[in-house]
>>> print(open('model-v7.tsv').read())   # TSV, C-alpha atoms
chain	number	residue	atom	x	y	z
T	189	ILE	CA	-17.19	63.35	17.31
T	190	ARG	CA	-15.12	61.38	19.78
T	191	THR	CA	-18.01	61.30	22.26
T	192	ALA	CA	-20.45	60.18	19.57
T	193	ILE	CA	-18.11	57.34	18.50
T	194	ILE	CA	-17.78	56.17	22.12
T	195	ILE	CA	-21.58	56.22	22.61
T	196	VAL	CA	-22.22	54.31	19.37
T	197	ILE	CA	-19.60	51.66	20.15
T	198	THR	CA	-20.95	51.30	23.69
T	199	LEU	CA	-24.54	50.85	22.47
T	200	VAL	CA	-23.46	48.32	19.84
T	201	GLY	CA	-21.47	46.44	22.49
T	202	ILE	CA	-24.46	46.37	24.86
T	203	TYR	CA	-26.71	45.14	22.05
T	204	LEU	CA	-24.26	42.36	21.14
T	205	VAL	CA	-24.36	41.17	24.77
T	206	ILE	CA	-28.12	41.35	25.48
T	207	GLY	CA	-29.57	41.42	21.96
T	208	PRO	CA	-30.76	38.42	19.90
T	209	ARG	CA	-28.59	36.87	17.19
T	210	SER	CA	-31.59	36.81	14.82
T	211	ALA	CA	-34.23	39.37	13.87
T	212	PRO	CA	-35.26	41.17	17.10
T	213	ARG	CA	-38.73	40.75	18.57
T	214	ALA	CA	-40.50	42.72	21.26
T	215	SER	CA	-40.09	39.84	23.75
T	216	ASP	CA	-36.30	40.12	23.39
T	217	PHE	CA	-36.36	43.40	25.29
T	218	THR	CA	-38.29	42.16	28.33
T	219	LEU	CA	-36.41	41.14	31.48
T	220	GLN	CA	-36.81	37.41	30.65
T	221	GLY	CA	-35.81	38.02	27.04
T	222	VAL	CA	-32.63	39.79	28.11
T	223	LYS	CA	-31.79	36.89	30.48
T	224	ASP	CA	-32.37	34.32	27.72
T	225	ASN	CA	-30.19	36.24	25.27
T	226	LEU	CA	-27.44	36.62	27.86
T	227	ALA	CA	-27.46	32.84	28.40
T	228	LYS	CA	-27.18	32.26	24.63
T	229	ASN	CA	-24.60	34.96	23.90
T	230	ILE	CA	-22.18	34.41	26.78
T	231	ASN	CA	-20.66	30.99	27.24
T	232	LEU	CA	-19.81	30.37	30.89
T	233	GLY	CA	-17.10	27.85	31.68
T	234	LEU	CA	-17.21	25.01	34.18
T	235	ASP	CA	-16.10	27.26	37.06
T	236	LEU	CA	-18.89	29.83	36.56
T	237	LYS	CA	-21.75	27.58	35.42
T	238	GLY	CA	-20.89	24.28	37.09
T	239	GLY	CA	-21.07	20.93	35.32
T	240	SER	CA	-19.30	17.62	34.93
T	241	HIS	CA	-15.56	16.91	34.97
T	242	LEU	CA	-14.56	13.46	33.69
T	243	VAL	CA	-11.16	11.88	33.22
T	244	MET	CA	-11.32	8.67	31.21
T	245	ARG	CA	-8.81	6.21	29.84
T	246	VAL	CA	-8.98	4.21	26.63
T	247	LYS	CA	-8.06	0.59	27.35
T	248	THR	CA	-5.51	0.43	24.56
T	249	GLU	CA	-4.24	-2.97	25.69
T	250	GLU	CA	-7.72	-4.35	25.05
T	251	TYR	CA	-7.61	-2.83	21.56
T	252	LEU	CA	-4.30	-4.55	20.74
T	253	THR	CA	-5.61	-7.86	22.11
T	254	ARG	CA	-8.69	-7.76	19.92
T	255	LEU	CA	-6.61	-6.68	16.91
T	256	THR	CA	-4.28	-9.66	17.42
T	257	LYS	CA	-7.14	-12.15	17.75
T	258	ASN	CA	-8.96	-10.75	14.71
T	259	ASN	CA	-5.78	-10.97	12.62
T	260	GLU	CA	-5.22	-14.54	13.77
T	261	ALA	CA	-8.75	-15.56	12.72
T	262	ALA	CA	-8.50	-13.74	9.37
T	263	ALA	CA	-5.03	-15.18	8.64
T	264	LEU	CA	-6.13	-18.74	9.39
T	265	LEU	CA	-9.20	-18.38	7.17
T	266	ALA	CA	-7.15	-16.89	4.32
T	267	ALA	CA	-4.51	-19.62	4.56
T	268	LYS	CA	-7.06	-22.45	4.62
T	269	ASP	CA	-8.89	-21.03	1.61
T	270	ALA	CA	-5.70	-20.72	-0.46
T	271	LYS	CA	-4.33	-23.45	-2.77
T	272	ASP	CA	-0.91	-24.13	-4.24
T	273	GLU	CA	-0.17	-24.23	-7.99
T	274	ALA	CA	-1.40	-27.83	-8.20
T	275	GLY	CA	-4.69	-26.90	-6.54
T	276	ASN	CA	-3.86	-28.59	-3.23
T	277	PRO	CA	-4.40	-27.03	0.23
T	278	LEU	CA	-1.38	-25.36	1.79
T	279	GLY	CA	-1.49	-27.62	4.83
T	280	VAL	CA	-2.26	-25.12	7.59
T	281	THR	CA	-3.37	-27.12	10.65
T	282	ASP	CA	-4.21	-24.58	13.34
T	283	ALA	CA	-3.35	-21.21	14.88
T	284	SER	CA	-2.49	-19.82	18.29
T	285	VAL	CA	-2.32	-16.35	19.78
T	286	ILE	CA	-0.47	-14.59	22.62
T	287	ALA	CA	-1.80	-11.23	23.82
T	288	GLU	CA	-0.60	-10.35	27.30
T	289	ASN	CA	2.11	-8.48	29.21
T	290	GLY	CA	2.97	-6.28	26.26
T	291	LYS	CA	3.47	-9.23	23.90
T	292	TYR	CA	1.16	-9.52	20.90
T	293	GLN	CA	1.70	-12.25	18.34
T	294	PHE	CA	-0.13	-15.02	16.48
T	295	THR	CA	1.16	-18.22	14.90
T	296	LEU	CA	0.08	-20.41	12.00
T	297	ASN	CA	1.23	-24.05	12.13
T	298	LEU	CA	1.93	-25.97	8.91
T	299	THR	CA	2.39	-29.60	7.95
T	300	ASP	CA	5.03	-28.68	5.36
T	301	ALA	CA	7.59	-25.94	6.09
T	302	SER	CA	8.39	-25.55	2.37
T	303	LYS	CA	4.94	-24.03	1.83
T	304	ALA	CA	5.57	-21.17	4.29
T	305	PRO	CA	6.22	-18.54	1.55
T	306	ALA	CA	2.97	-19.45	-0.21
T	307	VAL	CA	1.06	-19.18	3.08
T	308	ILE	CA	2.61	-15.77	3.82
T	309	ASP	CA	1.62	-14.49	0.36
T	310	ALA	CA	-1.95	-15.82	0.75
T	311	VAL	CA	-2.33	-14.15	4.17
T	312	LYS	CA	-0.89	-10.79	3.06
T	313	LYS	CA	-3.36	-10.61	0.17
T	314	LYS	CA	-6.34	-10.62	2.57
T	315	VAL	CA	-5.05	-9.36	5.93
T	316	GLU	CA	-3.56	-5.93	6.69
T	317	LEU	CA	-0.25	-6.66	8.45
T	318	VAL	CA	1.76	-3.49	7.74
T	319	ASN	CA	2.83	-3.00	11.37
T	320	TRP	CA	3.60	-6.67	12.03
T	321	THR	CA	6.93	-8.47	11.64
T	322	GLU	CA	6.96	-12.07	10.42
T	323	SER	CA	9.35	-14.92	11.09
T	324	VAL	CA	9.45	-18.59	10.11
T	325	SER	CA	10.58	-21.20	12.61
T	326	GLY	CA	10.32	-24.84	11.57
T	327	ASN	CA	6.71	-25.56	10.66
T	328	SER	CA	5.41	-22.30	12.17
T	329	ILE	CA	4.94	-18.75	10.89
T	330	VAL	CA	4.87	-16.09	13.60
T	331	TRP	CA	3.64	-12.50	13.22
T	332	SER	CA	4.64	-10.18	16.09
T	333	LEU	CA	3.83	-6.57	16.93
T	334	PRO	CA	7.02	-4.61	17.85
T	335	ALA	CA	6.99	-2.19	20.79
T	336	GLN	CA	7.26	0.86	18.51
T	337	ALA	CA	4.28	-0.31	16.45
T	338	GLN	CA	2.34	-0.91	19.69
T	339	SER	CA	2.92	2.72	20.71
T	340	VAL	CA	1.77	3.99	17.30
T	341	LEU	CA	-1.41	1.87	17.39
T	342	LYS	CA	-2.19	2.95	20.97
T	343	GLU	CA	-1.81	6.58	19.93
T	344	GLN	CA	-4.13	6.01	16.96
T	345	ALA	CA	-6.72	4.27	19.16
T	346	THR	CA	-6.73	7.20	21.61
T	347	GLU	CA	-7.07	9.76	18.80
T	348	GLN	CA	-9.88	7.75	17.22
T	349	SER	CA	-11.68	7.57	20.58
T	350	LEU	CA	-11.25	11.34	21.01
T	351	LYS	CA	-12.92	12.01	17.65
T	352	ILE	CA	-15.75	9.57	18.33
T	353	ILE	CA	-16.43	11.03	21.78
T	354	ASP	CA	-16.42	14.53	20.25
T	355	SER	CA	-19.05	13.54	17.70
T	356	ARG	CA	-21.20	11.94	20.40
T	357	ILE	CA	-21.16	14.81	22.91
T	358	ASN	CA	-22.14	17.26	20.16
T	359	ALA	CA	-25.57	15.64	20.20
T	360	PHE	CA	-26.18	17.12	23.67
T	361	GLY	CA	-25.79	20.74	22.55
T	362	VAL	CA	-23.44	21.68	25.39
T	363	LYS	CA	-21.72	24.99	24.68
T	364	GLU	CA	-17.94	24.93	24.43
T	365	PRO	CA	-17.18	21.58	26.11
T	366	THR	CA	-13.53	20.93	26.86
T	367	LEU	CA	-12.28	17.71	25.28
T	368	GLN	CA	-8.54	17.04	25.10
T	369	ARG	CA	-5.76	14.53	25.67
T	370	GLN	CA	-4.25	14.39	29.16
T	371	GLY	CA	-1.12	12.85	30.66
T	372	ARG	CA	1.62	11.03	28.75
T	373	SER	CA	1.17	10.33	25.06
T	374	ASP	CA	0.79	6.60	25.74
T	375	SER	CA	-1.47	6.95	28.78
T	376	GLY	CA	-4.68	6.91	26.73
T	377	GLN	CA	-6.21	9.54	29.04
T	378	ILE	CA	-8.90	11.99	27.88
T	379	LEU	CA	-10.31	14.97	29.79
T	380	LEU	CA	-13.93	16.02	29.29
T	381	GLN	CA	-15.57	19.04	30.92
T	382	MET	CA	-19.21	19.85	30.11
T	383	PRO	CA	-20.53	23.13	31.59
T	384	GLY	CA	-24.15	23.16	32.70
T	385	LEU	CA	-24.74	19.46	32.07
T	386	GLU	CA	-27.80	18.22	33.94
T	387	ASN	CA	-27.64	14.51	33.12
T	388	PRO	CA	-24.03	13.29	33.29
T	389	GLU	CA	-25.03	9.63	33.68
T	390	ARG	CA	-26.62	9.52	30.22
T	391	VAL	CA	-23.50	11.12	28.74
T	392	LYS	CA	-21.30	8.52	30.45
T	393	GLU	CA	-23.51	5.75	29.16
T	394	LEU	CA	-23.50	7.15	25.62
T	395	ILE	CA	-19.74	7.82	25.60
T	396	GLY	CA	-18.87	4.41	26.97
T	397	LYS	CA	-20.93	2.40	24.52
T	398	THR	CA	-18.93	0.37	22.06
T	399	SER	CA	-22.01	-0.53	19.96
T	400	ARG	CA	-20.08	-2.94	17.77
T	401	LEU	CA	-22.09	-3.96	14.71
T	402	GLU	CA	-21.12	-7.00	12.64
T	403	LEU	CA	-22.80	-8.90	9.83
T	404	MET	CA	-21.87	-12.57	10.00
T	405	LYS	CA	-22.76	-15.81	8.23
T	406	ILE	CA	-24.80	-18.29	10.30
T	407	VAL	CA	-23.72	-21.92	10.20
T	408	SER	CA	-27.04	-23.44	9.18
T	409	PRO	CA	-28.68	-25.37	6.35
T	410	PRO	CA	-29.81	-22.86	3.68
T	411	ASN	CA	-33.35	-21.67	3.12
T	412	PRO	CA	-36.05	-23.13	2.89
T	413	SER	CA	-34.82	-25.00	5.99
T	414	PRO	CA	-35.28	-22.88	9.13
T	415	VAL	CA	-32.25	-21.23	10.67
T	416	GLN	CA	-30.34	-23.64	12.93
T	417	ILE	CA	-31.01	-22.64	16.56
T	418	TYR	CA	-29.72	-24.42	19.67
T	419	PRO	CA	-31.50	-24.48	23.08
T	420	SER	CA	-28.25	-24.06	25.04
T	421	LYS	CA	-24.69	-22.88	24.55
T	422	GLU	CA	-23.43	-26.38	25.31
T	423	ALA	CA	-25.55	-27.84	22.49
T	424	ALA	CA	-24.24	-25.21	20.08
T	425	LEU	CA	-20.64	-25.91	21.11
T	426	GLN	CA	-21.21	-29.65	20.68
T	427	SER	CA	-22.14	-29.05	17.04
T	428	ILE	CA	-18.66	-27.58	16.37
T	429	GLY	CA	-16.57	-30.10	18.30
T	430	GLY	CA	-17.07	-28.89	21.86
T	431	LYS	CA	-15.30	-25.52	21.72
T	432	GLU	CA	-15.11	-22.31	19.71
T	433	SER	CA	-12.39	-21.95	17.10
T	434	ALA	CA	-10.82	-19.17	15.07
T	435	THR	CA	-13.56	-19.58	12.43
T	436	ARG	CA	-16.60	-20.65	14.51
T	437	LYS	CA	-18.24	-18.78	17.37
T	438	VAL	CA	-21.39	-19.29	19.47
T	439	LEU	CA	-23.60	-16.21	20.08
T	440	LEU	CA	-26.81	-15.55	21.97
T	441	TYR	CA	-29.82	-15.25	19.65
T	442	THR	CA	-32.27	-12.62	20.93
T	443	ASP	CA	-34.66	-12.29	17.96
T	444	ARG	CA	-37.30	-14.57	19.45
T	445	ASP	CA	-40.29	-15.92	17.58
T	446	GLU	CA	-43.23	-14.68	19.67
T	447	SER	CA	-45.17	-17.88	18.98
T	448	ALA	CA	-42.39	-19.87	20.67
T	449	ALA	CA	-42.27	-17.69	23.79
T	450	LEU	CA	-43.57	-19.02	27.08
T	451	PRO	CA	-46.87	-17.36	28.12
T	452	ASN	CA	-46.96	-15.19	31.26
T	453	THR	CA	-43.16	-15.16	31.42
T	454	PRO	CA	-41.13	-11.92	31.41
T	455	PRO	CA	-38.74	-11.51	28.44
T	456	ASP	CA	-35.63	-11.79	30.64
T	457	GLN	CA	-36.82	-15.17	31.94
T	458	GLN	CA	-37.57	-16.74	28.56
T	459	PRO	CA	-35.39	-19.73	27.60
T	460	LYS	CA	-32.24	-18.61	25.81
T	461	GLN	CA	-31.34	-19.62	22.27
T	462	TYR	CA	-27.99	-19.73	20.48
T	463	VAL	CA	-26.61	-19.85	16.94
T	464	VAL	CA	-23.20	-20.65	15.49
T	465	VAL	CA	-21.63	-17.98	13.25
T	466	GLU	CA	-18.55	-17.82	11.06
T	467	THR	CA	-15.73	-15.44	11.94
T	468	PRO	CA	-14.37	-12.99	11.01
T	469	ALA	CA	-17.42	-10.89	10.16
T	470	VAL	CA	-18.33	-10.14	6.55
T	471	VAL	CA	-18.45	-6.40	7.33
T	472	ASP	CA	-18.46	-4.45	10.60
T	473	GLY	CA	-19.48	-1.06	11.97
T	474	SER	CA	-16.29	0.65	10.84
T	475	GLU	CA	-17.61	0.46	7.27
T	476	LEU	CA	-20.93	2.19	8.05
T	477	ARG	CA	-21.73	5.46	6.30
T	478	ASP	CA	-24.90	6.39	8.19
T	479	ALA	CA	-27.44	5.10	10.72
T	480	ALA	CA	-30.84	6.45	11.76
T	481	ALA	CA	-33.68	5.53	14.12
T	482	LEU	CA	-37.01	4.97	12.37
T	483	GLN	CA	-40.43	4.01	13.66
T	484	SER	CA	-41.27	0.38	12.92
T	485	ARG	CA	-43.44	-0.26	9.88
T	486	GLY	CA	-46.26	-1.55	12.07
T	487	GLY	CA	-46.40	1.76	13.92
T	488	GLY	CA	-46.76	1.84	17.71
T	489	SER	CA	-43.93	2.67	20.10
T	490	ASP	CA	-41.30	0.31	18.64
T	491	TYR	CA	-38.35	1.67	16.65
T	492	GLN	CA	-35.73	0.13	14.37
T	493	ILE	CA	-32.32	1.25	13.12
T	494	SER	CA	-31.63	1.65	9.43
T	495	PHE	CA	-28.00	1.69	8.28
T	496	SER	CA	-26.02	2.08	5.07
T	497	PHE	CA	-22.43	1.27	4.10
T	498	LYS	CA	-19.52	3.22	2.73
T	499	PRO	CA	-18.58	2.33	-0.89
T	500	ALA	CA	-15.84	-0.17	0.09
T	501	GLY	CA	-18.09	-1.89	2.63
T	502	ALA	CA	-20.99	-1.95	0.19
T	503	GLN	CA	-18.82	-3.63	-2.44
T	504	LYS	CA	-17.55	-6.22	0.03
T	505	PHE	CA	-21.09	-6.90	1.28
T	506	GLY	CA	-22.40	-7.12	-2.27
T	507	ASP	CA	-19.73	-9.63	-3.29
T	508	TRP	CA	-20.47	-11.80	-0.27
T	509	THR	CA	-24.27	-11.76	-0.59
T	510	GLY	CA	-23.96	-12.53	-4.29
T	511	LYS	CA	-22.12	-15.75	-3.42
T	512	ASN	CA	-24.37	-16.70	-0.49
T	513	ILE	CA	-27.93	-16.44	-1.83
T	514	GLY	CA	-30.12	-18.72	0.27
T	515	ASN	CA	-27.75	-18.77	3.27
T	516	TYR	CA	-28.60	-17.15	6.58
T	517	MET	CA	-26.95	-13.95	7.80
T	518	ALA	CA	-26.88	-12.58	11.36
T	519	VAL	CA	-27.03	-8.92	12.38
T	520	VAL	CA	-24.80	-8.98	15.47
T	521	LEU	CA	-24.77	-6.10	17.94
T	522	ASN	CA	-22.32	-6.27	20.85
T	523	ASP	CA	-21.96	-10.07	20.48
T	524	GLU	CA	-25.72	-10.72	20.40
T	525	VAL	CA	-27.60	-11.81	17.28
T	526	LYS	CA	-30.40	-9.25	17.02
T	527	SER	CA	-31.90	-10.64	13.81
T	528	ALA	CA	-31.30	-13.38	11.27
T	529	ALA	CA	-32.56	-13.62	7.71
T	530	TYR	CA	-31.69	-15.52	4.57
T	531	ILE	CA	-30.17	-13.76	1.57
T	532	LYS	CA	-32.86	-13.48	-1.11
T	533	SER	CA	-30.71	-11.60	-3.59
T	534	GLN	CA	-27.50	-9.63	-3.83
T	535	ILE	CA	-27.47	-6.67	-1.41
T	536	PHE	CA	-25.01	-3.81	-1.60
T	537	ASP	CA	-25.48	-0.75	0.53
T	538	SER	CA	-28.12	-0.93	3.27
T	539	GLY	CA	-29.85	-2.95	5.98
T	540	GLU	CA	-31.75	-2.58	9.24
T	541	ILE	CA	-31.80	-3.80	12.83
T	542	SER	CA	-35.28	-4.55	14.09
T	543	GLY	CA	-36.19	-5.02	17.74
T	544	ARG	CA	-38.14	-3.54	20.60
T	545	PHE	CA	-36.22	-0.28	20.81
T	546	THR	CA	-37.70	2.81	22.44
T	547	LYS	CA	-37.13	6.16	20.73
T	548	ASN	CA	-34.34	7.13	23.15
T	549	THR	CA	-32.51	3.79	22.92
T	550	ALA	CA	-32.90	3.75	19.13
T	551	ASP	CA	-31.58	7.33	18.84
T	552	ASP	CA	-28.61	6.57	21.11
T	553	LEU	CA	-27.82	3.34	19.27
T	554	ALA	CA	-28.03	5.03	15.86
T	555	LEU	CA	-25.73	7.80	17.11
T	556	THR	CA	-23.10	5.39	18.45
T	557	LEU	CA	-23.22	3.33	15.24
T	558	LYS	CA	-22.96	6.42	13.07
T	559	SER	CA	-20.05	7.87	15.01
T	560	GLY	CA	-18.27	4.52	14.84
T	561	ALA	CA	-17.41	1.90	17.38
T	562	LEU	CA	-14.92	2.87	20.04
T	563	PRO	CA	-11.71	0.93	19.41
T	564	ALA	CA	-11.65	-0.14	23.07
T	565	GLU	CA	-13.64	0.19	26.27
T	566	ILE	CA	-13.57	3.47	28.20
T	567	GLN	CA	-12.56	3.38	31.86
T	568	TYR	CA	-13.52	6.33	34.11
T	569	GLN	CA	-10.62	7.30	36.37
T	570	GLU	CA	-12.00	10.52	37.84
T	571	GLU	CA	-15.48	12.00	38.02
T	572	ARG	CA	-16.43	15.29	39.67
T	573	THR	CA	-19.54	17.40	39.69
T	574	VAL	CA	-18.46	21.05	39.92
T	575	GLY	CA	-20.81	23.69	41.36
T	576	PRO	CA	-20.97	27.31	40.11
T	577	SER	CA	-19.82	28.58	43.52
T	578	LEU	CA	-16.21	27.85	42.44
T	579	GLY	CA	-16.30	30.93	40.22
>>> encode(input="model-v7.tsv", output="structure tokens")
Amino acid sequence: IRTAIIIVITLVGIYLVIGPRSAPRASDFTLQGVKDNLAKNINLGLDLKGGSHLVMRVKTEEYLTRLTKNNEAAALLAAKDAKDEAGNPLGVTDASVIAENGKYQFTLNLTDASKAPAVIDAVKKKVELVNWTESVSGNSIVWSLPAQAQSVLKEQATEQSLKIIDSRINAFGVKEPTLQRQGRSDSGQILLQMPGLENPERVKELIGKTSRLELMKIVSPPNPSPVQIYPSKEAALQSIGGKESATRKVLLYTDRDESAALPNTPPDQQPKQYVVVETPAVVDGSELRDAAALQSRGGGSDYQISFSFKPAGAQKFGDWTGKNIGNYMAVVLNDEVKSAAYIKSQIFDSGEISGRFTKNTADDLALTLKSGALPAEIQYQEERTVGPSLG
């Protein structure tokens, strides 16, 4: 009996190693079939199979800088929109920001210091400032980010990047990749090992993409007038007083009208066009629920990206479009206006990005949008290609 049990267990063990995980076929028991099943059933690590070893760092300082600037723009907009009990403006003149050398703060300047409490209330209703400390000095209100809050936000940014990278590398089907934090808790370092990876450059490109999507209002006369386009950045800046502000920004407009393109001229040599947009954005990529690459309606080799919002983003977008029927909206991807259209009616939960995308670029873009924008840029500190001879 003991011998029979040993034989049965041995045969079962051999079958689990070389046998298929689904219903067996005759081809599974050929030499090639056994090799294929072995490759599927046994996961070899980086030392035995070879692959890519990457050490990357999340630029958390960049994340805090952008957070400070975004809060400054949102606070200024909220304060200027607010009114006192008599219906008069609160007298906010301008704003300034400091984001360097570990110091992150923004300031609102007032004409009347007595209205500071009303300004603070108006800002807190529309801007998330839980981690920020406020102080009033004369005619100025200052919001600062303490060192402890900076550490917490850096930790959150690194964890968010880790989750986003994990969701992106899963698309490559690599078995048992190693993805983990490395170094001190505030170093922002992440280790990635991918056994058997044959195209590490595409993975680096896909991981490093920020793919920041924003929907923004274009400063332009409403439809039926055409969208206001400027032939140069200088001309666009001149229309807003010569420089960008906390509420106005100039972006490159890449959705070219083919009839206006110069004949026999490559796309990268066509004259550039610019538009002025309002900041902050109406909604951004963090409020996306899903994104997918679809073939363009006209067929051919061009693709477009369809996206939909989470409930909170859909509600915010619906409220804004309901109040801006006839105005022009820009679909902004990585600080470039990919398309612009006027609001025909109230829109809640979906939209699309059209353009000359190939299938691969559309798939990669949809994946990065769906997984969310990285909170900050990724910097590669170490890169090694490991051969299987190590094992």
>>> residues_around(input="model-v7.tsv", residues="Glu540 (chain T)", least_positions_apart="6", cutoff="6 Å", atoms="only C-alpha atoms", output="MDAnalysis selection string")
chainID T and resid 493:495
>>> residues_around(input="model-v7.tsv", residues="region 376-384 of chain T", least_positions_apart="5", cutoff="10 Å", atoms="all atoms listed in the file", output="ChimeraX atom specification")
/T:231-249,342-347,349-350,353-354,357,360,362-371,391,566-576
>>> closest_residue(input="model-v7.tsv", among="T:Thr299, T:Asn229, T:Gln220, T:Thr442", to="Val520 (chain T)", atoms="only C-alpha atoms")
T:Thr442
>>> closest_residue(input="model-v7.tsv", among="T:Gln426, T:Ser408, T:Gln534, T:Gln348", to="Ala518 (chain T)", atoms="all atoms listed in the file")
T:Ser408
>>> atom_distance(input="model-v7.tsv", atom1="CA of Glu288 (chain T)", atom2="CA of Leu439 (chain T)")
24.8 Å
>>> residues_around(input="model-v7.tsv", residues="Trp331 (chain T)", least_positions_apart="3", cutoff="8 Å", atoms="all atoms listed in the file", output="MDAnalysis selection string")
chainID T and resid 293:295 320:323
>>> closest_residue(input="model-v7.tsv", among="T:Pro409, T:Met517, T:Ser433, T:Glu393", to="Ser284 (chain T)", atoms="only C-alpha atoms")
T:Ser433
>>> atom_distance(input="model-v7.tsv", atom1="CA of Asp300 (chain T)", atom2="CA of Leu278 (chain T)")
8.1 Å
>>> residues_near_point(input="model-v7.tsv", point="(-1.4, -17.5, 10.3)", cutoff="8 Å", atoms="only C-alpha atoms", output="number ranges by chain")
T: 260-261, 263-264, 267, 283, 294-297, 307-308, 311, 329-331
>>> write_last_selection(input="model-v7.tsv", atoms="C-alpha atoms", output="short mmCIF file (atom, residue, chain, number, x, y, z; two decimals), in the coordinates of the input")
data_model
loop_
_atom_site.label_atom_id
_atom_site.label_comp_id
_atom_site.auth_asym_id
_atom_site.auth_seq_id
_atom_site.Cartn_x
_atom_site.Cartn_y
_atom_site.Cartn_z
CA GLU T 260 -5.22 -14.54 13.77
CA ALA T 261 -8.75 -15.56 12.72
CA ALA T 263 -5.03 -15.18 8.64
CA LEU T 264 -6.13 -18.74 9.39
CA ALA T 267 -4.51 -19.62 4.56
CA ALA T 283 -3.35 -21.21 14.88
CA PHE T 294 -0.13 -15.02 16.48
CA THR T 295 1.16 -18.22 14.90
CA LEU T 296 0.08 -20.41 12.00
CA ASN T 297 1.23 -24.05 12.13
CA VAL T 307 1.06 -19.18 3.08
CA ILE T 308 2.61 -15.77 3.82
CA VAL T 311 -2.33 -14.15 4.17
CA ILE T 329 4.94 -18.75 10.89
CA VAL T 330 4.87 -16.09 13.60
CA TRP T 331 3.64 -12.50 13.22
#
>>> closest_residue(input="model-v7.tsv", among="T:Val465, T:Thr509, T:Gly429, T:Ala434", to="Thr281 (chain T)", atoms="all atoms listed in the file")
T:Ala434
>>> closest_residue(input="model-v7.tsv", among="T:Gln336, T:Asn512, T:Thr256, T:Leu394", to="Asn358 (chain T)", atoms="only C-alpha atoms")
T:Leu394
>>> closest_residue(input="model-v7.tsv", among="T:Ser484, T:Leu255, T:Gly514, T:Val464", to="Glu422 (chain T)", atoms="all atoms listed in the file")
T:Val464
>>> atom_distance(input="model-v7.tsv", atom1="CA of Val222 (chain T)", atom2="CA of Ile194 (chain T)")
22.9 Å
>>> residues_around(input="model-v7.tsv", residues="Gln461 (chain T)", least_positions_apart="5", cutoff="9 Å", atoms="only C-alpha atoms", output="list in words")
Ile417, Tyr418, Pro419, Ser420, Lys421, Leu439, Leu440, Tyr441, Thr442 and Arg444 of chain T
>>> residues_around(input="model-v7.tsv", residues="Ile428 (chain T)", least_positions_apart="4", cutoff="10 Å", atoms="only C-alpha atoms", output="mmCIF file with C-alpha atoms, in the coordinates of the input")
data_model
loop_
_atom_site.group_PDB
_atom_site.id
_atom_site.type_symbol
_atom_site.label_atom_id
_atom_site.label_comp_id
_atom_site.auth_asym_id
_atom_site.auth_seq_id
_atom_site.Cartn_x
_atom_site.Cartn_y
_atom_site.Cartn_z
ATOM 1 C CA VAL T 407 -23.720 -21.920 10.200
ATOM 2 C CA ALA T 423 -25.550 -27.840 22.490
ATOM 3 C CA ALA T 424 -24.240 -25.210 20.080
ATOM 4 C CA GLU T 432 -15.110 -22.310 19.710
ATOM 5 C CA SER T 433 -12.390 -21.950 17.100
ATOM 6 C CA ARG T 436 -16.600 -20.650 14.510
ATOM 7 C CA LYS T 437 -18.240 -18.780 17.370
ATOM 8 C CA VAL T 438 -21.390 -19.290 19.470
ATOM 9 C CA VAL T 464 -23.200 -20.650 15.490
#
